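K.L.:
The structure is given below, and queries will be raised subsequently.
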Amino acid sequence: MIKVVKFGGSSVANAGQFKKVKNIVESDLDRKFIVTSACGKSDNEDHKVTDLLYLCHAHLKYGVPCDSLFEIIKKKYLKIKEELNLSINLENEFEKIQKSMTKNISVDYLVSRGEYLAALCLAEYLDADFIDAKDVILFDYDGKTNFDRSRIELQKKIVSDRRVVIPGFYGALPNGKIKIMSRGGSDITGAIIASLVNAAIYENWTDVSGILVADPRIVDNPKRIDYITYDELRELSFMGANVLHDETIFPVREKKIPINIKNTNDPQNPGTLILDTCSDKDDKKAPGFITGIAGKKDFTVFNCTKINLSNEIGFLRKTIQVFEEFSVNLEGAQAGIDTINIIVETQEIEEDRYMIISNLKEKLGFDEITVVDNLSLIAVVGRGMSKKPGMSAKLFGELGLKNINIKTINQGVDEINIIVGVDNKDFEKSITCIYDRFITKGENI
């Protein structure tokens, strides 16, 4: 059985964390492929290496010296080398990077060096083979992963049964140039490797013991989710639950490879298991009404009114197209007989809101358009909702009892989520209210 394990920045923040990683890897012979992030923060006074590298690039771009910033990075890795008694020639690696640090340096190359250096150190410390991500994570020019080419190149690089360490967060375009992923992309690298080697499981090691039912900054000591489906996680991730990069699921989903979120600082905790289906688990114990609660603040609603709007063919498409012209993503669209409500993130329309209103009136002839700000969206997600008639009514009723006004309601056809819109001022109160009623008081059944 092959296990792919990915360690986040906090897991490789210093030599002490490296030692924890080694204990975890060596405790299971099946942990063959190790993916690492760049070194993260050791404490609140420390800095993430990736942040420092982005800052270095910004300095170089505008002709501002960044020697002091790069020196912080060098000291961080050299200290890890010294404390772990590594023989790797980091000085030579830093010299190569510094020679390339000109005004026109590629941000992708420079920022990727954090993962590259961490992987070099970890490979030696684990007595494993190092494989550069640029040689095995191969993108097409549109930025999509070419799994066929990547699989072939990875197979070429594996020359023994030894463990392999691969830096996360980046790969290479067909011309060989390094391309980084979006922040948190090391999660995706691990998922890609898991798919390429047909892993039995993908372990994602971080600084939390799995996914929590609700945000611990809002709910005191929320419960951990034991099992969750890919679909449920996607819904929660979209609404702000960010333990795992929301694109991580795609590479493993087709092959139904489970993902296990675990804590480097508490390795015995089972964490959260993410599965294609939880039917086997649910047969033994019926799932609760709610799997997780997540949400985000600061949305804006455009309420557009026109008599007999629903009789106009293509009115919804034309309305959405106006927002597309301003490169605004829609978070929701609800249509009635004479109205259509468009929900967007406020920050996306701040500069263009009056132009959008003008275009909506000119191109679609709306009689009235009102704009409402300070809206929060809260997603209540649970695969068990579809099997419990009347639970939506209980949810709405509970919010009503707490004098929370629901401004919008949206529920998917698959019935695994309900999204409610409330005032920003009621955001934390709403999440706490839902958690207390359906989780704390044992009514999540």
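Every chain in the structure tokens takes a letter, A first, then B, and so on in the order presented; its residues are numbered from 1, and the ligands are numbered from 1 following the presented order.
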Name all residues at most 8 Å from range 128-145 of chain A (count only C-alpha atoms; drop same-chain ones fewer than 3 positions away) and give them as a VMD selection string.

P.N.:
chain A and resid 116 119 to 120 123 to 125 149 to 151 153 to 154 157 162 to 168 170 to 174 176 178 189 192

K.L.:
I need the chosen residues saved as a tab-separated table (two decimals), in the first residue's frame, with N, CA, C and O atoms.

P.N.:
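Output file part-v2.tsv is given in full below:
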```tsv
chain	number	residue	atom	x	y	z
A	116	TYR	N	11.63	24.32	-2.68
A	116	TYR	CA	12.80	23.61	-3.22
A	116	TYR	C	13.85	23.38	-2.12
A	116	TYR	O	14.33	22.26	-1.93
A	119	ALA	N	12.64	20.96	0.62
A	119	ALA	CA	12.64	19.57	0.15
A	119	ALA	C	14.06	19.00	0.11
A	119	ALA	O	14.27	17.82	0.44
A	120	LEU	N	15.03	19.82	-0.28
A	120	LEU	CA	16.42	19.35	-0.28
A	120	LEU	C	16.84	18.97	1.14
A	120	LEU	O	17.47	17.91	1.35
A	123	ALA	N	14.84	15.79	2.32
A	123	ALA	CA	15.28	14.56	1.64
A	123	ALA	C	16.53	13.99	2.31
A	123	ALA	O	16.62	12.79	2.58
A	124	GLU	N	17.50	14.86	2.62
A	124	GLU	CA	18.71	14.37	3.30
A	124	GLU	C	18.38	13.87	4.69
A	124	GLU	O	18.85	12.81	5.12
A	125	TYR	N	17.55	14.63	5.41
A	125	TYR	CA	17.24	14.26	6.79
A	125	TYR	C	16.50	12.93	6.87
A	125	TYR	O	16.70	12.16	7.82
A	149	ARG	N	1.83	13.01	-19.09
A	149	ARG	CA	3.25	13.33	-19.14
A	149	ARG	C	3.87	13.28	-17.75
A	149	ARG	O	4.99	12.78	-17.57
A	150	SER	N	3.15	13.79	-16.77
A	150	SER	CA	3.66	13.79	-15.40
A	150	SER	C	3.88	12.37	-14.89
A	150	SER	O	4.90	12.07	-14.25
A	151	ARG	N	2.94	11.48	-15.20
A	151	ARG	CA	3.05	10.10	-14.75
A	151	ARG	C	4.27	9.42	-15.36
A	151	ARG	O	5.03	8.72	-14.66
A	153	GLU	N	7.05	10.85	-16.53
A	153	GLU	CA	8.29	11.43	-16.01
A	153	GLU	C	8.54	11.02	-14.57
A	153	GLU	O	9.69	10.78	-14.18
A	154	LEU	N	7.49	10.90	-13.77
A	154	LEU	CA	7.67	10.46	-12.39
A	154	LEU	C	8.17	9.02	-12.34
A	154	LEU	O	9.07	8.68	-11.57
A	157	LYS	N	11.81	8.81	-12.86
A	157	LYS	CA	12.63	9.31	-11.77
A	157	LYS	C	12.72	8.35	-10.58
A	157	LYS	O	13.63	8.44	-9.77
A	162	ARG	N	13.28	3.38	-2.36
A	162	ARG	CA	13.52	4.40	-1.34
A	162	ARG	C	12.41	5.43	-1.32
A	162	ARG	O	11.68	5.62	-2.29
A	163	ARG	N	12.29	6.08	-0.19
A	163	ARG	CA	11.32	7.17	-0.10
A	163	ARG	C	11.74	8.31	-1.02
A	163	ARG	O	12.91	8.48	-1.33
A	164	VAL	N	10.74	9.09	-1.39
A	164	VAL	CA	10.96	10.21	-2.30
A	164	VAL	C	10.40	11.48	-1.67
A	164	VAL	O	9.30	11.48	-1.14
A	165	VAL	N	11.16	12.57	-1.75
A	165	VAL	CA	10.70	13.87	-1.30
A	165	VAL	C	10.58	14.80	-2.51
A	165	VAL	O	11.50	14.91	-3.32
A	166	ILE	N	9.43	15.45	-2.62
A	166	ILE	CA	9.14	16.34	-3.75
A	166	ILE	C	8.66	17.68	-3.22
A	166	ILE	O	7.76	17.72	-2.37
A	167	PRO	N	9.24	18.79	-3.67
A	167	PRO	CA	8.72	20.09	-3.24
A	167	PRO	C	7.34	20.36	-3.80
A	167	PRO	O	7.03	19.99	-4.93
A	168	GLY	N	6.50	20.99	-3.00
A	168	GLY	CA	5.15	21.31	-3.45
A	168	GLY	C	5.08	22.68	-4.10
A	168	GLY	O	6.09	23.37	-4.26
A	170	TYR	N	4.80	24.02	-7.01
A	170	TYR	CA	5.21	24.41	-8.36
A	170	TYR	C	5.45	23.20	-9.26
A	170	TYR	O	5.57	22.07	-8.82
A	171	GLY	N	5.51	23.50	-10.56
A	171	GLY	CA	5.84	22.52	-11.58
A	171	GLY	C	6.49	23.26	-12.73
A	171	GLY	O	7.10	24.31	-12.53
A	172	ALA	N	6.34	22.74	-13.94
A	172	ALA	CA	6.97	23.39	-15.09
A	172	ALA	C	6.06	23.36	-16.30
A	172	ALA	O	5.27	22.43	-16.50
A	173	LEU	N	6.16	24.40	-17.11
A	173	LEU	CA	5.45	24.49	-18.39
A	173	LEU	C	6.20	23.68	-19.44
A	173	LEU	O	7.33	23.26	-19.20
A	174	PRO	N	5.60	23.45	-20.60
A	174	PRO	CA	6.28	22.64	-21.64
A	174	PRO	C	7.65	23.17	-22.04
A	174	PRO	O	8.51	22.40	-22.48
A	176	GLY	N	9.79	24.29	-20.02
A	176	GLY	CA	10.70	24.09	-18.89
A	176	GLY	C	10.67	25.18	-17.84
A	176	GLY	O	11.29	25.03	-16.78
A	178	ILE	N	9.52	27.35	-14.76
A	178	ILE	CA	8.81	27.02	-13.52
A	178	ILE	C	7.52	27.82	-13.43
A	178	ILE	O	7.48	29.01	-13.75
A	189	THR	N	-0.22	19.69	-5.04
A	189	THR	CA	0.91	18.84	-5.45
A	189	THR	C	0.77	17.46	-4.85
A	189	THR	O	0.93	16.44	-5.53
A	192	ILE	N	-1.89	15.54	-6.64
A	192	ILE	CA	-1.45	15.12	-7.97
A	192	ILE	C	-0.55	13.89	-7.86
A	192	ILE	O	-0.73	12.90	-8.59
```

K.L.:
Which residues, written as a CSV table (one decimal) with N, CA and C atoms, in the first residue's frame, have at least one atom at most 10 Å from range 298-306 of chain A, with only C-alpha atoms counted and residues fewer than 4 positions away on the same chain left out?

P.N.:
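Result saved to result15.csv:
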```
chain,number,residue,atom,x,y,z
A,310,SER,N,-40.0,37.7,-16.2
A,310,SER,CA,-39.9,36.2,-16.4
A,310,SER,C,-40.3,35.8,-17.8
A,319,THR,N,-28.5,39.4,-17.8
A,319,THR,CA,-28.2,40.1,-16.6
A,319,THR,C,-26.8,39.6,-16.1
A,331,GLU,N,-21.9,35.1,-6.8
A,331,GLU,CA,-22.0,34.2,-5.7
A,331,GLU,C,-23.4,33.5,-5.6
A,332,GLY,N,-24.3,34.2,-6.3
A,332,GLY,CA,-25.7,33.6,-6.3
A,332,GLY,C,-26.6,34.5,-7.2
A,333,ALA,N,-27.6,33.8,-7.8
A,333,ALA,CA,-28.6,34.5,-8.6
A,333,ALA,C,-30.0,33.9,-8.3
A,334,GLN,N,-30.9,34.7,-8.0
A,334,GLN,CA,-32.3,34.2,-7.7
A,334,GLN,C,-33.3,35.0,-8.5
A,335,ALA,N,-34.1,34.3,-9.2
A,335,ALA,CA,-35.1,35.0,-10.1
A,335,ALA,C,-36.5,34.8,-9.6
A,336,GLY,N,-37.4,35.8,-9.7
A,336,GLY,CA,-38.8,35.7,-9.4
A,336,GLY,C,-39.6,36.1,-10.7
A,337,ILE,N,-40.8,36.4,-10.5
A,337,ILE,CA,-41.6,36.8,-11.7
A,337,ILE,C,-41.2,38.1,-12.2
A,338,ASP,N,-41.0,39.1,-11.4
A,338,ASP,CA,-40.6,40.4,-11.8
A,338,ASP,C,-39.3,40.9,-11.3
A,339,THR,N,-38.6,40.0,-10.6
A,339,THR,CA,-37.3,40.4,-10.0
A,339,THR,C,-36.2,39.4,-10.2
A,340,ILE,N,-35.0,39.9,-10.1
A,340,ILE,CA,-33.8,39.0,-10.1
A,340,ILE,C,-32.8,39.6,-9.1
A,341,ASN,N,-32.3,38.8,-8.3
A,341,ASN,CA,-31.3,39.2,-7.3
A,341,ASN,C,-30.0,38.6,-7.6
A,342,ILE,N,-29.0,39.4,-7.7
A,342,ILE,CA,-27.6,39.0,-8.0
A,342,ILE,C,-26.7,39.3,-6.7
A,343,ILE,N,-26.1,38.3,-6.3
A,343,ILE,CA,-25.2,38.4,-5.1
A,343,ILE,C,-23.7,38.3,-5.5
A,344,VAL,N,-22.9,39.3,-5.1
A,344,VAL,CA,-21.5,39.3,-5.4
A,344,VAL,C,-20.7,39.7,-4.2
A,345,GLU,N,-19.4,39.5,-4.2
A,345,GLU,CA,-18.6,40.0,-3.1
A,345,GLU,C,-18.4,41.5,-3.3
A,346,THR,N,-18.6,42.2,-2.2
A,346,THR,CA,-18.6,43.6,-2.2
A,346,THR,C,-17.3,44.2,-2.8
A,347,GLN,N,-16.2,43.6,-2.5
A,347,GLN,CA,-14.9,44.1,-2.9
A,347,GLN,C,-14.8,44.0,-4.4
A,348,GLU,N,-15.5,43.2,-5.1
A,348,GLU,CA,-15.4,43.0,-6.5
A,348,GLU,C,-16.1,44.1,-7.3
A,349,ILE,N,-17.0,44.8,-6.7
A,349,ILE,CA,-17.8,45.8,-7.4
A,349,ILE,C,-17.7,47.2,-6.8
A,350,GLU,N,-16.8,47.4,-5.9
A,350,GLU,CA,-16.6,48.7,-5.2
A,350,GLU,C,-16.4,49.8,-6.3
A,353,ARG,N,-19.6,49.8,-9.3
A,353,ARG,CA,-21.0,49.5,-8.9
A,353,ARG,C,-22.0,50.4,-9.7
A,356,ILE,N,-22.1,49.4,-13.3
A,356,ILE,CA,-22.9,48.2,-13.5
A,356,ILE,C,-24.4,48.5,-13.4
A,357,ILE,N,-24.8,49.4,-12.5
A,357,ILE,CA,-26.2,49.8,-12.4
A,357,ILE,C,-26.7,50.5,-13.7
A,360,LEU,N,-27.1,47.9,-16.4
A,360,LEU,CA,-28.2,47.0,-16.2
A,360,LEU,C,-29.5,47.7,-16.7
A,361,LYS,N,-29.6,49.0,-16.4
A,361,LYS,CA,-30.8,49.8,-16.8
A,361,LYS,C,-30.8,50.0,-18.3
A,364,LEU,N,-31.0,46.2,-20.2
A,364,LEU,CA,-32.1,45.4,-19.9
A,364,LEU,C,-33.3,46.1,-19.5
A,365,GLY,N,-33.3,47.4,-19.3
A,365,GLY,CA,-34.4,48.2,-19.1
A,365,GLY,C,-35.1,48.0,-17.7
A,366,PHE,N,-34.3,47.7,-16.7
A,366,PHE,CA,-34.9,47.4,-15.4
A,366,PHE,C,-35.6,48.7,-14.9
A,367,ASP,N,-36.7,48.6,-14.3
A,367,ASP,CA,-37.5,49.7,-13.8
A,367,ASP,C,-36.8,50.3,-12.5
A,368,GLU,N,-36.3,49.4,-11.7
A,368,GLU,CA,-35.7,49.8,-10.4
A,368,GLU,C,-34.6,48.9,-10.0
A,369,ILE,N,-33.5,49.4,-9.5
A,369,ILE,CA,-32.4,48.6,-9.0
A,369,ILE,C,-32.0,49.2,-7.7
A,370,THR,N,-32.1,48.3,-6.7
A,370,THR,CA,-31.6,48.7,-5.3
A,370,THR,C,-30.4,47.8,-5.0
A,371,VAL,N,-29.5,48.4,-4.3
A,371,VAL,CA,-28.2,47.7,-3.9
A,371,VAL,C,-28.2,47.6,-2.4
A,372,VAL,N,-28.0,46.4,-1.9
A,372,VAL,CA,-27.9,46.2,-0.4
A,372,VAL,C,-26.5,45.7,-0.1
A,373,ASP,N,-25.8,46.4,0.8
A,373,ASP,CA,-24.5,45.9,1.3
A,373,ASP,C,-24.6,45.2,2.6
A,374,ASN,N,-23.4,44.9,3.1
A,374,ASN,CA,-23.3,44.3,4.5
A,374,ASN,C,-24.1,43.0,4.7
A,375,LEU,N,-24.0,42.1,3.6
A,375,LEU,CA,-24.7,40.8,3.7
A,375,LEU,C,-23.6,39.7,4.0
A,376,SER,N,-23.9,38.8,4.8
A,376,SER,CA,-23.1,37.6,5.1
A,376,SER,C,-23.8,36.4,4.6
A,377,LEU,N,-23.0,35.5,4.0
A,377,LEU,CA,-23.6,34.2,3.6
A,377,LEU,C,-23.1,33.1,4.5
A,407,LYS,N,-32.2,37.1,4.9
A,407,LYS,CA,-32.4,38.0,3.8
A,407,LYS,C,-32.5,37.2,2.5
A,408,THR,N,-31.7,36.1,2.4
A,408,THR,CA,-31.7,35.3,1.2
A,408,THR,C,-31.7,33.8,1.7
A,421,GLY,N,-28.6,34.1,3.9
A,421,GLY,CA,-28.0,35.4,3.9
A,421,GLY,C,-28.5,36.2,5.1
A,422,VAL,N,-27.6,36.8,5.9
A,422,VAL,CA,-28.0,37.6,7.1
A,422,VAL,C,-27.2,38.9,7.1
A,423,ASP,N,-27.5,39.8,7.9
A,423,ASP,CA,-26.8,41.0,8.1
A,423,ASP,C,-25.4,40.7,8.6
A,424,ASN,N,-24.4,41.4,8.2
A,424,ASN,CA,-23.0,41.2,8.8
A,424,ASN,C,-23.0,41.2,10.3
```

K.L.:
Let me make sure I understand: among A:Phe169, A:Tyr62, A:Phe94, A:Tyr354, which one has the smallest atom-to-atom distance to Glu115 in chain A if we use only C-alpha atoms?

P.N.:
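Closest candidate: A:Phe169.
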
K.L.:
Please identify which residues in range 84-312 of chain A DSSP calls helix (DSSP H, G or I) from the backbone, and express them as a PyMOL selection string.

P.N.:
chain A and resi 90-99+107-125+133-135+147-157+186-196+230-238+249-253+279-284+309-311

K.L.:
Range 227-230 of chain A: which residues within 6 Å, counting only C-alpha atoms, same-chain residues fewer than 2 positions away excluded, as a VMD selection string?

P.N.:
chain A and resid 225 232 to 233 272 to 277

K.L.:
Output N, CA and C atoms for every residue in the selection just made, as a PDB file, in the first residue's frame.

P.N.:
```pdb
ATOM      1  N   ILE A 225     -14.825  17.061  12.727  1.00  0.00           N
ATOM      2  CA  ILE A 225     -15.580  16.227  11.790  1.00  0.00           C
ATOM      3  C   ILE A 225     -14.783  14.945  11.561  1.00  0.00           C
ATOM      4  N   GLU A 232     -19.258  17.600   0.289  1.00  0.00           N
ATOM      5  CA  GLU A 232     -19.464  18.433   1.473  1.00  0.00           C
ATOM      6  C   GLU A 232     -18.277  19.366   1.694  1.00  0.00           C
ATOM      7  N   LEU A 233     -17.084  18.833   1.514  1.00  0.00           N
ATOM      8  CA  LEU A 233     -15.899  19.660   1.717  1.00  0.00           C
ATOM      9  C   LEU A 233     -15.837  20.800   0.706  1.00  0.00           C
ATOM     10  N   THR A 272      -9.478  14.123  10.292  1.00  0.00           N
ATOM     11  CA  THR A 272     -10.689  14.032   9.467  1.00  0.00           C
ATOM     12  C   THR A 272     -10.398  13.251   8.202  1.00  0.00           C
ATOM     13  N   LEU A 273     -11.273  12.308   7.888  1.00  0.00           N
ATOM     14  CA  LEU A 273     -11.134  11.504   6.678  1.00  0.00           C
ATOM     15  C   LEU A 273     -12.126  12.009   5.633  1.00  0.00           C
ATOM     16  N   ILE A 274     -11.606  12.366   4.453  1.00  0.00           N
ATOM     17  CA  ILE A 274     -12.427  12.872   3.354  1.00  0.00           C
ATOM     18  C   ILE A 274     -12.578  11.755   2.331  1.00  0.00           C
ATOM     19  N   LEU A 275     -13.834  11.387   2.036  1.00  0.00           N
ATOM     20  CA  LEU A 275     -14.117  10.222   1.202  1.00  0.00           C
ATOM     21  C   LEU A 275     -15.038  10.578   0.044  1.00  0.00           C
ATOM     22  N   ASP A 276     -15.010   9.734  -0.975  1.00  0.00           N
ATOM     23  CA  ASP A 276     -15.942   9.907  -2.088  1.00  0.00           C
ATOM     24  C   ASP A 276     -17.377   9.708  -1.609  1.00  0.00           C
ATOM     25  N   THR A 277     -17.550   8.722  -0.768  1.00  0.00           N
ATOM     26  CA  THR A 277     -18.849   8.473  -0.154  1.00  0.00           C
ATOM     27  C   THR A 277     -18.636   7.965   1.260  1.00  0.00           C
TER      28      THR A 277
END
```

K.L.:
For CA of Lys41 in chain A and CA of Thr264 in chain A, determine how far apart the two atoms are, in Å to one decimal place.

P.N.:
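Interatomic distance here is 14.3 Å.
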
K.L.:
So, counting only C-alpha atoms, which residue among A:Val35, A:Ser195, A:Ile406, A:Asn263 is closest to Asn146 in chain A?

P.N.:
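Of A:Val35, A:Ser195, A:Ile406, A:Asn263, the one nearest Asn146 in chain A, counting only C-alpha atoms, is A:Ser195.
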
K.L.:
Within 8 Å of range 412-417 of chain A, counting only C-alpha atoms, which residues show up once you throw out same-chain ones fewer than 5 positions away? Write them as a list in words, please.

P.N.:
Glu232, Glu235, Ala379, Val380, Val381, Gly382, Arg383, Gly384, Met385 and Ser386 of chain A

K.L.:
Take the residues from that selection and put them in a file with all heavy atoms, as a compact mmCIF listing (two decimals), in the first residue's frame.

P.N.:
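To be explicit, this is the file written out as part.txt:
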```
# COMPACT_ATOMS: atom_id res chain seq x y z
N GLU A 232 -19.26 17.60 0.29
CA GLU A 232 -19.46 18.43 1.47
C GLU A 232 -18.28 19.37 1.69
O GLU A 232 -18.45 20.55 2.01
CB GLU A 232 -19.66 17.55 2.70
CG GLU A 232 -20.99 16.80 2.73
CD GLU A 232 -21.06 15.84 3.91
OE1 GLU A 232 -20.18 14.97 4.03
OE2 GLU A 232 -22.01 15.98 4.70
N GLU A 235 -18.30 22.35 -0.63
CA GLU A 235 -19.27 23.37 -0.22
C GLU A 235 -18.70 24.21 0.92
O GLU A 235 -18.82 25.44 0.92
CB GLU A 235 -20.58 22.71 0.21
CG GLU A 235 -21.33 21.98 -0.88
CD GLU A 235 -21.96 22.93 -1.90
OE1 GLU A 235 -22.02 24.14 -1.64
OE2 GLU A 235 -22.40 22.45 -2.95
N ALA A 379 -23.19 28.89 5.03
CA ALA A 379 -23.54 27.59 4.46
C ALA A 379 -23.65 26.56 5.58
O ALA A 379 -22.73 26.38 6.37
CB ALA A 379 -22.48 27.15 3.45
N VAL A 380 -24.80 25.91 5.64
CA VAL A 380 -25.01 24.79 6.55
C VAL A 380 -24.98 23.54 5.67
O VAL A 380 -25.83 23.34 4.81
CB VAL A 380 -26.37 24.91 7.27
CG1 VAL A 380 -26.58 23.74 8.20
CG2 VAL A 380 -26.43 26.23 8.03
N VAL A 381 -23.95 22.72 5.88
CA VAL A 381 -23.68 21.60 4.97
C VAL A 381 -23.83 20.28 5.71
O VAL A 381 -23.35 20.11 6.83
CB VAL A 381 -22.25 21.72 4.39
CG1 VAL A 381 -21.93 20.54 3.48
CG2 VAL A 381 -22.08 23.03 3.64
N GLY A 382 -24.51 19.33 5.07
CA GLY A 382 -24.65 18.01 5.67
C GLY A 382 -25.32 17.03 4.74
O GLY A 382 -26.40 17.31 4.21
N ARG A 383 -24.69 15.90 4.53
CA ARG A 383 -25.26 14.88 3.64
C ARG A 383 -26.52 14.26 4.25
O ARG A 383 -27.30 13.61 3.55
CB ARG A 383 -24.22 13.78 3.35
CG ARG A 383 -23.73 13.04 4.58
CD ARG A 383 -22.57 12.10 4.27
NE ARG A 383 -22.11 11.39 5.46
CZ ARG A 383 -21.25 11.87 6.33
NH1 ARG A 383 -20.77 13.09 6.18
NH2 ARG A 383 -20.87 11.15 7.37
N GLY A 384 -26.71 14.47 5.55
CA GLY A 384 -27.87 13.90 6.21
C GLY A 384 -29.13 14.74 6.09
O GLY A 384 -30.21 14.31 6.49
N MET A 385 -29.01 15.93 5.52
CA MET A 385 -30.17 16.82 5.46
C MET A 385 -31.30 16.27 4.61
O MET A 385 -32.47 16.44 4.93
CB MET A 385 -29.75 18.20 4.93
CG MET A 385 -29.00 19.03 5.95
SD MET A 385 -28.94 20.79 5.53
CE MET A 385 -27.82 20.78 4.16
N SER A 386 -30.95 15.61 3.51
CA SER A 386 -31.98 15.14 2.58
C SER A 386 -32.85 14.03 3.19
O SER A 386 -33.94 13.76 2.69
CB SER A 386 -31.33 14.64 1.30
OG SER A 386 -30.49 13.52 1.56
```

K.L.:
Nearest residue to Lys388 in chain A out of A:Ile434, A:Lys75, A:Val252, A:Phe289, using only C-alpha atoms?

P.N.:
A:Phe289

K.L.:
Which is closer to His57 in chain A than all the others in A:Asn329, A:Asn198, A:Thr206, A:Thr102, using only C-alpha atoms?

P.N.:
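Under the stated criterion, the closest residue is A:Thr102.
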
K.L.:
Based on the backbone DSSP call, show me all residues of range 264-328 of chain A assigned strand (DSSP E or B), as a PyMOL selection string.

P.N.:
chain A and resi 272-275+292-305

K.L.:
Put those residues in a file: N, CA, C and O atoms, as a JSON list (two decimals), in the first residue's frame.

P.N.:
```
[["chain", "number", "residue", "atom", "x", "y", "z"],
["A", 272, "THR", "N", -9.48, 14.12, 10.29],
["A", 272, "THR", "CA", -10.69, 14.03, 9.47],
["A", 272, "THR", "C", -10.40, 13.25, 8.20],
["A", 272, "THR", "O", -9.40, 13.50, 7.52],
["A", 273, "LEU", "N", -11.27, 12.31, 7.89],
["A", 273, "LEU", "CA", -11.13, 11.50, 6.68],
["A", 273, "LEU", "C", -12.13, 12.01, 5.63],
["A", 273, "LEU", "O", -13.33, 12.10, 5.89],
["A", 274, "ILE", "N", -11.61, 12.37, 4.45],
["A", 274, "ILE", "CA", -12.43, 12.87, 3.35],
["A", 274, "ILE", "C", -12.58, 11.76, 2.33],
["A", 274, "ILE", "O", -11.60, 11.24, 1.80],
["A", 275, "LEU", "N", -13.83, 11.39, 2.04],
["A", 275, "LEU", "CA", -14.12, 10.22, 1.20],
["A", 275, "LEU", "C", -15.04, 10.58, 0.04],
["A", 275, "LEU", "O", -15.77, 11.57, 0.09],
["A", 292, "GLY", "N", -20.99, 20.44, 8.72],
["A", 292, "GLY", "CA", -20.16, 21.61, 9.01],
["A", 292, "GLY", "C", -20.89, 22.91, 8.72],
["A", 292, "GLY", "O", -21.89, 22.94, 7.99],
["A", 293, "ILE", "N", -20.39, 23.98, 9.31],
["A", 293, "ILE", "CA", -20.95, 25.33, 9.13],
["A", 293, "ILE", "C", -19.82, 26.26, 8.72],
["A", 293, "ILE", "O", -18.76, 26.26, 9.37],
["A", 294, "ALA", "N", -20.01, 27.02, 7.67],
["A", 294, "ALA", "CA", -18.98, 27.98, 7.24],
["A", 294, "ALA", "C", -19.66, 29.19, 6.64],
["A", 294, "ALA", "O", -20.82, 29.12, 6.21],
["A", 295, "GLY", "N", -18.95, 30.28, 6.59],
["A", 295, "GLY", "CA", -19.55, 31.47, 6.00],
["A", 295, "GLY", "C", -18.54, 32.58, 5.78],
["A", 295, "GLY", "O", -17.40, 32.52, 6.23],
["A", 296, "LYS", "N", -18.99, 33.60, 5.09],
["A", 296, "LYS", "CA", -18.16, 34.77, 4.80],
["A", 296, "LYS", "C", -19.00, 36.04, 4.88],
["A", 296, "LYS", "O", -20.19, 36.02, 4.60],
["A", 297, "LYS", "N", -18.32, 37.11, 5.24],
["A", 297, "LYS", "CA", -18.98, 38.41, 5.32],
["A", 297, "LYS", "C", -18.78, 39.22, 4.04],
["A", 297, "LYS", "O", -18.04, 38.84, 3.15],
["A", 298, "ASP", "N", -19.47, 40.36, 4.02],
["A", 298, "ASP", "CA", -19.27, 41.42, 3.03],
["A", 298, "ASP", "C", -19.63, 41.01, 1.60],
["A", 298, "ASP", "O", -18.79, 40.97, 0.70],
["A", 299, "PHE", "N", -20.92, 40.75, 1.43],
["A", 299, "PHE", "CA", -21.49, 40.54, 0.10],
["A", 299, "PHE", "C", -22.46, 41.68, -0.20],
["A", 299, "PHE", "O", -22.93, 42.38, 0.71],
["A", 300, "THR", "N", -22.75, 41.85, -1.48],
["A", 300, "THR", "CA", -23.69, 42.88, -1.93],
["A", 300, "THR", "C", -24.75, 42.23, -2.80],
["A", 300, "THR", "O", -24.44, 41.35, -3.61],
["A", 301, "VAL", "N", -26.00, 42.66, -2.63],
["A", 301, "VAL", "CA", -27.10, 42.15, -3.44],
["A", 301, "VAL", "C", -27.62, 43.27, -4.35],
["A", 301, "VAL", "O", -27.92, 44.37, -3.89],
["A", 302, "PHE", "N", -27.74, 42.96, -5.64],
["A", 302, "PHE", "CA", -28.39, 43.85, -6.60],
["A", 302, "PHE", "C", -29.81, 43.33, -6.81],
["A", 302, "PHE", "O", -30.02, 42.24, -7.36],
["A", 303, "ASN", "N", -30.79, 44.09, -6.33],
["A", 303, "ASN", "CA", -32.20, 43.73, -6.50],
["A", 303, "ASN", "C", -32.74, 44.46, -7.74],
["A", 303, "ASN", "O", -32.93, 45.67, -7.71],
["A", 304, "CYS", "N", -32.97, 43.71, -8.80],
["A", 304, "CYS", "CA", -33.38, 44.30, -10.08],
["A", 304, "CYS", "C", -34.84, 43.96, -10.38],
["A", 304, "CYS", "O", -35.22, 42.77, -10.36],
["A", 305, "THR", "N", -35.65, 44.98, -10.67],
["A", 305, "THR", "CA", -37.10, 44.79, -10.85],
["A", 305, "THR", "C", -37.55, 45.28, -12.23],
["A", 305, "THR", "O", -37.13, 46.35, -12.69]]
```

K.L.:
Which neighbours of Glu93 in chain A fall inside 10 Å, counting only C-alpha atoms, when residues of the same chain fewer than 5 positions from it are skipped, and could you give them as a list in words?

P.N.:
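The neighbour list is Ile88, Gln98, Arg113, Tyr116 and Leu117 of chain A.
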
K.L.:
Give the answer as one residue: which of A:Leu86, A:Ile73, A:Leu29, A:Ile180 has the shortest atom-to-atom distance to Tyr109 in chain A, using only C-alpha atoms?

P.N.:
A:Ile180

K.L.:
May I ask which of the residues A:Asn265, A:Asn204, A:Thr291, A:Asn410 is the closest one to Gly16 in chain A, counting only C-alpha atoms?

P.N.:
A:Asn265

K.L.:
Interatomic distance between CA of Ser327 in chain A and CA of Ser237 in chain A?

P.N.:
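If I compute the distance from CA of Ser327 in chain A to CA of Ser237 in chain A, I get 22.0 Å.
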
K.L.:
Report, in Å with one decimal, the straight-line distance from CA of Asp161 in chain A to CA of Arg31 in chain A.

P.N.:
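Spanning CA of Asp161 in chain A to CA of Arg31 in chain A is a straight-line distance of 11.3 Å.
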